[in-house]
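Participant: My file is structure.cif. It has mmCIF, C-alpha atoms:
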data_coords
#
loop_
_atom_site.label_atom_id
_atom_site.label_comp_id
_atom_site.auth_asym_id
_atom_site.auth_seq_id
_atom_site.Cartn_x
_atom_site.Cartn_y
_atom_site.Cartn_z
CA MET L 1 131.14 70.74 126.99
CA ASN L 2 134.10 72.14 125.12
CA ILE L 3 134.20 75.90 125.77
CA LYS L 4 136.70 78.46 124.47
CA ILE L 5 137.25 81.89 126.02
CA LEU L 6 138.34 84.39 123.37
CA SER L 7 140.69 86.59 125.38
CA ALA L 8 144.00 88.31 124.61
CA ASN L 9 144.92 88.42 128.30
CA ALA L 10 144.74 85.13 130.19
CA ASN L 11 145.49 86.83 133.52
CA LEU L 12 142.40 89.03 133.69
CA TYR L 13 140.11 88.48 136.69
CA SER L 14 137.07 87.83 134.44
CA THR L 15 138.90 85.22 132.37
CA GLN L 16 140.23 83.39 135.42
CA ARG L 17 136.81 83.35 137.11
CA LEU L 18 135.14 81.89 134.02
CA ILE L 19 137.77 79.12 133.86
CA GLU L 20 137.24 78.40 137.56
CA ALA L 21 133.44 78.25 137.20
CA ALA L 22 133.49 76.07 134.06
CA THR L 23 136.05 73.66 135.54
CA LYS L 24 133.98 73.30 138.71
CA ARG L 25 131.03 72.27 136.53
CA LYS L 26 133.17 69.63 134.75
CA HIS L 27 133.54 71.39 131.39
CA ASP L 28 136.66 71.51 129.21
CA ILE L 29 137.63 75.14 128.90
CA GLU L 30 140.57 76.80 127.16
CA ILE L 31 141.71 80.36 126.52
CA ILE L 32 142.19 81.23 122.86
CA ASN L 33 143.92 84.50 121.96
CA HIS L 34 141.61 85.67 119.17
CA THR L 35 144.26 88.08 117.84
CA LYS L 36 146.46 85.05 117.03
CA CYS L 37 143.74 83.05 115.23
CA ASP L 38 143.74 82.50 111.46
CA ILE L 39 140.41 82.33 109.65
CA VAL L 40 139.93 80.09 106.63
CA ILE L 41 136.89 80.82 104.49
CA GLU L 42 135.71 78.41 101.82
CA LYS L 43 132.42 76.97 100.64
CA LYS L 44 130.54 75.39 103.58
CA ASN L 45 133.79 74.62 105.39
CA PRO L 46 134.67 77.44 107.81
CA LYS L 47 137.77 76.85 109.92
CA VAL L 48 139.73 78.59 112.65
CA TYR L 49 143.43 77.83 113.08
CA TYR L 50 145.28 78.53 116.32
CA LYS L 51 148.96 77.79 116.90
CA GLY L 52 149.06 75.79 113.68
CA LYS L 53 146.13 73.52 114.52
CA THR L 54 142.47 73.51 113.51
CA ILE L 55 140.10 74.25 116.36
CA GLU L 56 137.38 71.59 116.25
CA ASN L 57 134.37 70.29 118.21
CA VAL L 58 133.76 73.54 120.07
CA ASP L 59 130.36 73.79 121.77
CA ALA L 60 130.51 77.42 122.88
CA VAL L 61 132.69 80.51 122.86
CA ILE L 62 132.79 83.34 125.41
CA PRO L 63 134.03 86.47 123.64
CA ARG L 64 136.10 88.81 125.82
CA ILE L 65 137.09 91.10 122.95
CA GLY L 66 138.97 94.31 123.76
CA ALA L 67 137.75 97.51 122.11
CA SER L 68 141.04 98.01 120.26
CA VAL L 69 140.65 94.72 118.35
CA THR L 70 136.89 94.79 117.76
CA PHE L 71 137.16 94.35 113.98
CA TYR L 72 139.32 91.21 114.03
CA GLY L 73 137.81 89.82 117.22
CA THR L 74 134.32 90.07 115.75
CA ALA L 75 135.47 88.27 112.60
CA VAL L 76 136.72 85.37 114.76
CA VAL L 77 133.42 85.22 116.69
CA ARG L 78 131.51 85.24 113.38
CA GLN L 79 133.64 82.35 112.13
CA PHE L 80 132.81 80.27 115.21
CA GLU L 81 129.13 81.08 114.67
CA MET L 82 129.47 79.74 111.12
CA MET L 83 130.88 76.56 112.69
CA HIS L 84 127.58 76.26 114.66
CA CYS L 85 129.12 77.20 118.01
CA PHE L 86 127.00 79.01 120.58
CA SER L 87 128.43 82.43 121.41
CA THR L 88 127.50 84.18 124.66
CA THR L 89 127.74 87.43 122.68
CA GLU L 90 126.62 87.37 119.06
CA SER L 91 128.99 88.99 116.58
CA ILE L 92 126.40 91.46 115.25
CA ALA L 93 125.53 92.59 118.79
CA LEU L 94 129.24 93.04 119.55
CA VAL L 95 129.66 95.29 116.50
CA ARG L 96 126.59 97.36 117.43
CA SER L 97 127.66 97.82 121.05
CA ARG L 98 131.14 99.08 120.13
CA ASP L 99 129.72 101.91 118.02
CA LYS L 100 128.60 104.50 120.61
CA LEU L 101 126.57 106.48 118.10
CA ARG L 102 124.80 103.44 116.62
CA SER L 103 124.08 102.18 120.15
CA LEU L 104 122.43 105.46 121.15
CA GLN L 105 120.32 105.44 117.98
CA ILE L 106 119.16 101.86 118.70
CA LEU L 107 118.35 102.74 122.32
CA SER L 108 116.51 105.89 121.25
CA ARG L 109 114.40 103.89 118.79
CA ALA L 110 113.54 101.46 121.61
CA GLY L 111 112.07 104.37 123.58
CA LEU L 112 114.68 104.44 126.35
CA GLY L 113 115.67 107.50 128.36
CA LEU L 114 119.02 108.98 127.28
CA PRO L 115 121.04 112.10 128.04
CA LYS L 116 120.45 114.55 125.16
CA THR L 117 123.24 113.85 122.66
CA ILE L 118 124.56 115.92 119.74
CA PHE L 119 126.67 114.54 116.88
CA THR L 120 127.82 116.53 113.85
CA ASN L 121 130.15 116.14 110.90
CA TYR L 122 132.90 118.37 112.37
CA SER L 123 130.53 121.36 112.40
CA LYS L 124 132.21 124.77 112.68
CA ASN L 125 129.20 126.10 114.60
CA VAL L 126 130.38 124.82 117.98
CA LYS L 127 128.42 127.45 119.93
CA GLU L 128 125.15 126.00 118.61
CA ILE L 129 126.25 122.43 119.46
CA VAL L 130 126.76 123.41 123.11
CA GLU L 131 123.39 125.19 123.18
CA GLN L 132 121.62 122.17 121.63
CA ALA L 133 123.00 119.99 124.46
CA GLY L 134 121.41 122.33 127.01
CA GLY L 135 124.36 124.66 127.52
CA ALA L 136 127.43 124.30 129.73
CA PRO L 137 128.44 122.22 131.54
CA VAL L 138 128.47 119.47 128.90
CA ILE L 139 130.11 116.08 128.55
CA ILE L 140 132.29 115.53 125.47
CA LYS L 141 133.08 111.91 124.55
CA LEU L 142 135.38 110.39 121.98
CA LEU L 143 133.42 107.78 120.03
CA GLU L 144 136.34 105.35 120.39
CA GLY L 145 136.97 105.83 124.13
CA THR L 146 136.59 103.08 126.78
CA GLN L 147 136.80 102.87 130.58
CA GLY L 148 136.30 106.62 130.94
CA ILE L 149 139.23 107.50 128.65
CA GLY L 150 138.36 110.28 126.19
CA VAL L 151 135.50 111.63 128.34
CA ILE L 152 135.71 115.32 129.27
CA LEU L 153 133.53 117.54 131.43
CA ALA L 154 133.57 121.07 129.99
CA GLU L 155 132.29 123.30 132.78
CA THR L 156 131.95 126.54 130.80
CA ARG L 157 130.70 127.36 127.30
CA LYS L 158 134.12 128.69 126.34
CA ALA L 159 135.86 125.49 127.51
CA ALA L 160 133.32 123.31 125.68
CA GLU L 161 133.78 125.22 122.44
CA SER L 162 137.58 125.02 122.70
CA VAL L 163 137.56 121.25 123.32
CA ILE L 164 135.11 120.56 120.47
CA GLU L 165 137.15 122.74 118.08
CA ALA L 166 140.37 120.95 119.10
CA PHE L 167 138.83 117.49 118.46
CA ASN L 168 137.38 118.70 115.15
CA ASN L 169 140.80 119.94 114.02
CA LEU L 170 142.24 116.51 114.86
CA GLN L 171 139.42 114.86 112.85
CA ALA L 172 138.43 112.98 116.01
CA ARG L 173 134.76 112.02 116.18
CA VAL L 174 133.01 113.15 119.36
CA ILE L 175 129.52 113.29 120.80
CA VAL L 176 128.36 116.11 123.08
CA GLN L 177 125.95 115.20 125.88
CA GLU L 178 124.00 117.14 128.47
CA PHE L 179 125.44 117.03 131.98
CA ILE L 180 123.11 115.38 134.49
CA LYS L 181 123.97 117.33 137.65
CA GLU L 182 121.66 115.39 140.00
CA ALA L 183 123.55 112.14 139.26
CA GLY L 184 126.30 113.54 141.51
CA GLY L 185 129.21 111.80 139.75
CA ALA L 186 127.61 108.37 140.23
CA ASP L 187 126.08 105.82 137.89
CA ILE L 188 124.48 102.39 138.10
CA ARG L 189 125.81 99.24 136.43
CA ALA L 190 123.18 96.52 135.95
CA PHE L 191 124.68 93.15 134.98
CA ILE L 192 122.35 91.13 132.77
CA VAL L 193 122.58 87.47 131.81
CA ASP L 194 119.93 85.82 129.62
CA GLY L 195 117.21 88.41 130.19
CA GLN L 196 117.71 88.64 133.98
CA VAL L 197 119.41 91.26 136.13
CA VAL L 198 121.84 89.10 138.13
CA GLY L 199 123.52 91.94 139.99
CA ALA L 200 123.60 95.72 140.25
CA MET L 201 126.00 98.22 141.76
CA LYS L 202 126.21 101.95 142.21
CA ARG L 203 129.58 103.38 141.20
CA GLN L 204 130.69 106.67 142.70
CA GLY L 205 133.51 108.76 141.25
CA LYS L 206 136.32 109.74 143.60
CA GLU L 207 136.33 113.27 145.03
CA GLY L 208 136.48 115.87 142.26
CA GLU L 209 135.97 113.23 139.55
CA PHE L 210 132.76 113.18 137.49
CA ARG L 211 133.58 109.78 135.92
CA SER L 212 132.49 106.84 138.06
CA ASN L 213 134.52 104.12 136.28
CA LEU L 214 136.28 101.77 138.70
CA HIS L 215 139.35 102.00 136.42
CA ARG L 216 139.44 105.72 137.28
CA GLY L 217 139.48 105.09 141.04
CA GLY L 218 135.72 105.02 141.63
CA THR L 219 134.10 102.89 144.33
CA ALA L 220 131.19 100.46 144.06
CA GLU L 221 128.45 99.28 146.39
CA VAL L 222 125.56 96.88 145.88
CA ILE L 223 122.23 98.51 145.01
CA GLU L 224 118.63 97.36 144.69
CA LEU L 225 117.25 98.62 141.37
CA SER L 226 113.88 100.32 141.22
CA ASP L 227 111.29 98.69 138.96
CA GLU L 228 111.82 101.48 136.43
CA GLU L 229 115.61 100.99 136.44
CA GLU L 230 115.34 97.22 136.08
CA THR L 231 112.87 97.54 133.19
CA ALA L 232 115.13 100.07 131.44
CA ALA L 233 118.23 97.86 131.84
CA LEU L 234 116.48 94.76 130.48
CA LYS L 235 114.96 96.71 127.59
CA ALA L 236 118.38 98.17 126.70
CA ALA L 237 120.10 94.76 126.63
CA LYS L 238 117.27 93.32 124.53
CA ALA L 239 117.36 96.25 122.08
CA MET L 240 121.10 95.67 121.59
CA GLY L 241 120.60 91.91 121.15
CA LEU L 242 122.96 91.06 124.02
CA GLY L 243 122.60 87.91 126.14
CA ILE L 244 125.28 89.23 128.52
CA ALA L 245 125.48 92.97 129.11
CA GLY L 246 126.56 95.64 131.53
CA VAL L 247 124.02 98.45 131.29
CA ASP L 248 125.24 101.78 132.65
CA MET L 249 122.58 104.27 133.76
CA LEU L 250 122.33 107.64 135.43
CA GLN L 251 119.70 108.39 138.04
CA SER L 252 118.00 111.62 136.96
CA SER L 253 114.95 113.69 137.85
CA ARG L 254 113.26 112.30 134.71
CA GLY L 255 114.03 108.64 135.44
CA PRO L 256 116.90 106.34 134.46
CA LEU L 257 119.02 107.54 131.53
CA ILE L 258 121.08 104.93 129.65
CA LEU L 259 124.72 105.90 129.16
CA GLU L 260 126.10 102.78 127.53
CA VAL L 261 125.51 99.06 127.04
CA ASN L 262 128.76 97.12 127.47
CA SER L 263 129.08 93.81 125.60
CA SER L 264 132.14 92.58 127.56
CA PRO L 265 131.40 93.72 131.11
CA GLY L 266 134.07 92.88 133.66
CA LEU L 267 133.24 90.52 136.52
CA GLU L 268 135.56 91.84 139.23
CA GLY L 269 133.64 94.97 140.24
CA ILE L 270 130.19 93.38 140.16
CA GLU L 271 131.21 90.15 141.95
CA LYS L 272 133.03 92.03 144.71
CA ALA L 273 130.22 94.56 145.18
CA THR L 274 127.37 92.03 145.21
CA GLY L 275 129.13 88.91 146.55
CA LYS L 276 127.47 86.91 143.76
CA ASP L 277 129.05 84.19 141.64
CA ILE L 278 128.30 85.78 138.26
CA ALA L 279 130.84 83.54 136.46
CA THR L 280 128.82 80.42 137.30
CA ILE L 281 125.60 82.13 136.17
CA ILE L 282 127.28 82.70 132.77
CA ILE L 283 128.36 79.03 132.52
CA LYS L 284 124.81 77.92 133.35
CA TYR L 285 123.55 80.25 130.59
CA ILE L 286 125.78 78.36 128.13
CA GLU L 287 124.52 75.00 129.43
CA ARG L 288 120.92 76.03 128.72
CA ASN L 289 121.79 76.99 125.13
CA VAL L 290 124.01 74.11 124.02
CA ASP L 291 122.25 70.92 122.94
#
The structure in this file should be written as C-alpha cells.
Facilitator:
Amino acid sequence: MNIKILSANANLYSTQRLIEAATKRKHDIEIINHTKCDIVIEKKNPKVYYKGKTIENVDAVIPRIGASVTFYGTAVVRQFEMMHCFSTTESIALVRSRDKLRSLQILSRAGLGLPKTIFTNYSKNVKEIVEQAGGAPVIIKLLEGTQGIGVILAETRKAAESVIEAFNNLQARVIVQEFIKEAGGADIRAFIVDGQVVGAMKRQGKEGEFRSNLHRGGTAEVIELSDEEETAALKAAKAMGLGIAGVDMLQSSRGPLILEVNSSPGLEGIEKATGKDIATIIIKYIERNVD
C-alpha cells in the first residue's frame, strides 16, 4: 500500500514508529507536511499538491494534526477523503474532537459519565458559576489548551472567581469543571484502535501537580481496565466517530468520568507503559480497511 503520514514534525516518536511498522510490513510510507500542502478544488477532480507535485495513488493517510493547525490540517484530510483515500481519523471526527465543548456535549448525549461542567458567554456572575460546579476547588480550562496547558486548579472560591474574571476580560473562552478529589491527581488513558482497547495506562501527576499529563512530568504505568471503564472508553470513541482514540478518564466514586477524547494520541507513553507494539496495530487497521 501507499500510505502518507500527515505530520508537521518528522522526528516525533509516533511518526517514526508508524514508519518503522509500515516499512516492516512492506508498505510504501512517506511523511507529508500537511501545512505545506496546496489544495485544488474543482468539479469531480480534487487534488493535493506537495512540493510542486500532485500527490497521486494514495491508499491511506494517517493524520497526525497538531491542535494549532486543526483548521488547515482538517481541510487537507478532507481533500484526501474526496480522493477516496482511507483516513485513520475522519475529518469530521477530527473537527469534533478538537472542540472541547462540542465533545462534552456529544459525550453527554451518549450517556457517559462526565465531571460537571459549566460554560457561559463571559458571564459576570462568576460566583454562581463556581457554585454550579460544586464550589471550590474547581478546574478551569481554556477551550483551546492542549497537553495540560491552560488548565488551572483554583483551590478557593476567591481564586476561582479571580481567574474566571481575568479570562473573561481577555475574551478567552473557558469551561469550569468540578474537582474530583478522589482521583488523586491521576487519570487513565485508554488507547483504542478499531473498536478495541489495545492498551491502557494510569498516569500520575508529579508531587504537588494535579495534572497527570506526561508532558508535565507525570509518570505512567500499565493498568487493567475494569469492565465499566472499558465500556465507557469504547462508547466514548464510538460517540466521537474515532477509529483511533486516546480516551482520558478519571476514577471517581460514581464510576469512570470522561475528561477528553484525543484524536491524535501519542504512541510513546502508551507503548513504553504497556510494552505493546501499537504502531503495528494501527498499520493492520489500515490493511483491513483498504481494498
Participant: So, counting all atoms listed in the file, which residue among L:Gly150, L:Pro63, L:Gly266, L:Gly184 is closest to Leu250 (chain L)?
Facilitator: L:Gly184
Participant: Check which residues satisfy the PyMOL selection byres ((chain L and resi 244) around 6) in the file shown, then give them as a PyMOL selection string.
Facilitator: chain L and resi 192-193+242-243+245
Participant: Point out the residue among L:Phe167, L:Phe71, L:Phe179, L:Phe86 with the least atom-to-atom distance to Leu114 (chain L), counting only C-alpha atoms.
Facilitator: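 Among L:Phe167, L:Phe71, L:Phe179, L:Phe86, it is L:Phe179 that comes nearest to Leu114 (chain L).
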Participant: If I take CA of Ala186 (chain L) and CA of Val247 (chain L), how far is one from the other in Å, to one decimal?
Facilitator: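 Those two atoms sit 13.8 Å apart.
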Participant: Can you work out the spacing between CA of Ala200 (chain L) and CA of Gly246 (chain L) in Å, to one decimal?
Facilitator: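 Pair CA of Ala200 (chain L) / CA of Gly246 (chain L) returns 9.2 Å.
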Participant: What residues come out when you apply the PyMOL selection byres ((chain L and resi 38) around 10) to this file, written as a VMD selection string?
Facilitator: chain L and resid 34 to 37 39 to 41 47 to 54 76
Participant: When you count all atoms listed in the file, which of these residues is closest to Asn2 (chain L): L:Ile31, L:Ile118, L:Val138, L:Ala220?
Facilitator: L:Ile31
Participant: Contacts of Glu161 (chain L) at 9 Å or less, counting only C-alpha atoms, minus same-chain residues fewer than 6 places along, as a list of chain:residue names?
Facilitator: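 My reading of the contact set: L:Val126, L:Lys127, L:Ile129, L:Val130, L:Ala154.
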Participant: Write out as a PyMOL selection string which residues come within 10 Å of Asn33 (chain L) when counting all atoms listed in the file, dropping same-chain ones fewer than 3 positions away.
Facilitator: chain L and resi 4-10+30+36-37+50-51+64-65+73
Participant: If you keep C-alpha atoms, can you produce a file of those selected residues as a PDB file, keeping the file's coordinate frame?
Facilitator:
ATOM      1  CA  LYS L   4     136.700  78.460 124.470  1.00  0.00           C
ATOM      2  CA  ILE L   5     137.250  81.890 126.020  1.00  0.00           C
ATOM      3  CA  LEU L   6     138.340  84.390 123.370  1.00  0.00           C
ATOM      4  CA  SER L   7     140.690  86.590 125.380  1.00  0.00           C
ATOM      5  CA  ALA L   8     144.000  88.310 124.610  1.00  0.00           C
ATOM      6  CA  ASN L   9     144.920  88.420 128.300  1.00  0.00           C
ATOM      7  CA  ALA L  10     144.740  85.130 130.190  1.00  0.00           C
ATOM      8  CA  GLU L  30     140.570  76.800 127.160  1.00  0.00           C
ATOM      9  CA  LYS L  36     146.460  85.050 117.030  1.00  0.00           C
ATOM     10  CA  CYS L  37     143.740  83.050 115.230  1.00  0.00           C
ATOM     11  CA  TYR L  50     145.280  78.530 116.320  1.00  0.00           C
ATOM     12  CA  LYS L  51     148.960  77.790 116.900  1.00  0.00           C
ATOM     13  CA  ARG L  64     136.100  88.810 125.820  1.00  0.00           C
ATOM     14  CA  ILE L  65     137.090  91.100 122.950  1.00  0.00           C
ATOM     15  CA  GLY L  73     137.810  89.820 117.220  1.00  0.00           C
TER      16      GLY L  73
END
Participant: Report the centre and edge lengths, in Å to one decimal, of an axis-aligned box enclosing every atom of region 86-97 of chain L listed in the file, padded by 8 Å on each side, as JSON.
Facilitator:
{"center_x": 127.6, "center_y": 88.4, "center_z": 120.0, "size_x": 20.1, "size_y": 34.8, "size_z": 25.4}
Participant: For a test of reading the model, state the distance in Å between CA of Phe119 (chain L) and CA of Ile175 (chain L), rounded to one decimal.
Facilitator: 5.0 Å
Participant: Counting only C-alpha atoms, I want the residues whose atoms come within 10 Å of (130.2, 85.0, 115.1) in the file frame, returned as a PyMOL selection string.
Facilitator: chain L and resi 61+63+73-94
Participant: Using all atoms listed in the file for the distances, tell me which of L:Asp28, L:Asp187, L:Glu131, L:Asp99 is nearest to Arg203 (chain L).
Facilitator: L:Asp187
Participant: Extract, using all atoms listed in the file, all DNA, RNA and protein residues at most 10 Å from Ala183 (chain L), discarding same-chain residues fewer than 6 positions from it, and format them as JSON, numbers by chain.
Facilitator: {"L": [204, 210, 249, 250, 251, 252, 253]}
Participant: I need the residue nearest Leu267 (chain L) from this list: L:Gly135, L:Gly241, L:Gly199, L:Gly218. Use all atoms listed in the file for the distance.
Facilitator: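 Using all atoms listed in the file, the shortest distance to Leu267 (chain L) belongs to L:Gly199.
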Participant: Can you work out which one of L:Ile3, L:Gly275, L:Ser226, L:Asp291 has the shortest atom-to-atom distance to Ala21 (chain L), counting only C-alpha atoms?
Facilitator: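 Among L:Ile3, L:Gly275, L:Ser226, L:Asp291, it is L:Ile3 that comes nearest to Ala21 (chain L).
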